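**Student:** Here it is, the structure in full.
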Amino acid sequence: GEEVAQTPKHLVRGEGQKAKLYCAPIKGHSYVFWYQQVLKNEFKFLISFQNENVFDETGMPKERFSAKCLPNSPCSLEIQATKLEDSAVYFCASSRQYYEQYFGPGTRLTVT
Amino acid sequence: KNEVEQSPQNLTAQEEEFITINCSYSVGISALHWLQQHPGGGIVSLFMLSSGKKKHGRLIATINIQEKHSSLHITASHPRDSAVYICAVTPYSGGGADGLTFGKGTHLIIQP
């Protein structure tokens, strides 16, 4: 498609539950990025992929966060045992190499 | 680690005013991005630049690599320009899937 698609738009989980977010990059884009926006303007880079390979995961809290981009499937970001501090908007972006990143509409995760 | 500083944090102006938002960063980069986040949360990439100047409609972005500084200008501002403008940088690492480091954004309100 011509837009980055993210599902669901909103997700509510009780503390300790699992959350799984999905991202379909733009067709032809081989790079996928996940970002976390906490509060209004604090963005944090989580992880990036080149096709199905993890490129950079330095931003991932590895004990509870994991991500995958498998061929012919949407990319996913999974949070095991969610905590209150995981409440945020999670944005996925995709790009071609060295080109601008196109952002999806985001998934708002609320942990209660 | 790259630090990205934006100024001002908040800016209220009258319609038709010329707007300037500034961004400075601390270490070498391969590209600088200007993003616009609408009140609804969607993020649009306005510019990606590594040198010189780019113009799109009423928007102009400039970058000075030696000074590690970029500016975003809006000419003949309009209430529909009201949004958060975010500066973000791609580190100079040679890869194609480097995550962005973001500034904290400038909240712009244009009053009619």
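Ordering of the structure tokens sets the chain letters (A, B, ...), residue numbers begin anew at 1 in every chain, and ligands are numbered from 1 in the order given.
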Show me, as a PDB file with C-alpha atoms, in the first residue's frame, the residues of chain B whose atoms get within 10 Å of chain A, using only C-alpha atoms for the distance check.

**Tutor:**
```pdb
ATOM      1  CA  SER B  30      23.802  12.007   7.740  1.00  0.00           C
ATOM      2  CA  ALA B  31      20.464  13.817   7.499  1.00  0.00           C
ATOM      3  CA  LEU B  32      18.122  16.122   9.364  1.00  0.00           C
ATOM      4  CA  HIS B  33      14.360  15.792   9.226  1.00  0.00           C
ATOM      5  CA  LEU B  35       8.322  16.574  10.896  1.00  0.00           C
ATOM      6  CA  GLN B  37       2.590  16.400  14.126  1.00  0.00           C
ATOM      7  CA  GLY B  40      -4.852  14.530  15.969  1.00  0.00           C
ATOM      8  CA  GLY B  41      -1.445  12.893  16.374  1.00  0.00           C
ATOM      9  CA  GLY B  42      -0.523  12.068  12.777  1.00  0.00           C
ATOM     10  CA  ILE B  43       3.082  12.697  11.734  1.00  0.00           C
ATOM     11  CA  VAL B  44       4.047  14.038   8.331  1.00  0.00           C
ATOM     12  CA  SER B  45       7.589  14.304   7.038  1.00  0.00           C
ATOM     13  CA  LEU B  46       8.108  17.832   5.732  1.00  0.00           C
ATOM     14  CA  PHE B  47      11.775  17.789   4.757  1.00  0.00           C
ATOM     15  CA  MET B  48      14.812  15.577   4.837  1.00  0.00           C
ATOM     16  CA  LEU B  49      18.020  17.455   4.136  1.00  0.00           C
ATOM     17  CA  VAL B  84       3.923  20.615  16.624  1.00  0.00           C
ATOM     18  CA  TYR B  85       7.055  20.852  14.483  1.00  0.00           C
ATOM     19  CA  ILE B  86       9.735  18.334  15.323  1.00  0.00           C
ATOM     20  CA  ALA B  88      14.988  14.838  14.151  1.00  0.00           C
ATOM     21  CA  THR B  90      19.766  10.454  11.431  1.00  0.00           C
ATOM     22  CA  GLY B  94      26.590   4.653   7.054  1.00  0.00           C
ATOM     23  CA  GLY B  95      23.612   2.349   7.532  1.00  0.00           C
ATOM     24  CA  GLY B  96      20.168   2.766   6.015  1.00  0.00           C
ATOM     25  CA  ALA B  97      18.093   1.834   9.017  1.00  0.00           C
ATOM     26  CA  ASP B  98      19.307   4.194  11.690  1.00  0.00           C
ATOM     27  CA  GLY B  99      16.629   5.346  14.070  1.00  0.00           C
ATOM     28  CA  LEU B 100      15.936   9.030  14.426  1.00  0.00           C
ATOM     29  CA  THR B 101      16.881  11.103  17.458  1.00  0.00           C
ATOM     30  CA  PHE B 102      14.178  13.672  18.091  1.00  0.00           C
ATOM     31  CA  GLY B 103      14.020  17.152  19.514  1.00  0.00           C
ATOM     32  CA  LYS B 104      11.231  17.950  21.938  1.00  0.00           C
ATOM     33  CA  GLY B 105       9.214  19.822  19.330  1.00  0.00           C
ATOM     34  CA  THR B 106       7.900  23.342  18.891  1.00  0.00           C
ATOM     35  CA  HIS B 107       4.216  23.857  19.545  1.00  0.00           C
TER      36      HIS B 107
END
```

**Student:** What's the 7 Å shell around stretch 15-29 of chain B, counting only C-alpha atoms, without same-chain residues fewer than 4 positions away, as a list in words?

**Tutor:**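 Within the cut-off, the hits are Asn2, Glu3, Val4, Glu5, Gln6, Ser7, Pro8, Lys68, His69, Ser70, Ser71, Leu72, His73, Ile74, Thr75, Ala76, Ser77, His78, Pro79, Cys87, Val89, Thr90, Pro91, Tyr92, Ile110, Gln111 and Pro112 of chain B.
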
**Student:** So what do you get for atom CA of A:Gln80 versus atom CA of A:Ala5, distance-wise?

**Tutor:** 22.5 Å

**Student:** Taking only C-alpha atoms into account, name the residue in B:Gln9, B:Gln36, B:Ile65, B:Gln14 that is nearest to B:Ser50.

**Tutor:**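 Smallest distance to B:Ser50 is found for B:Ile65.
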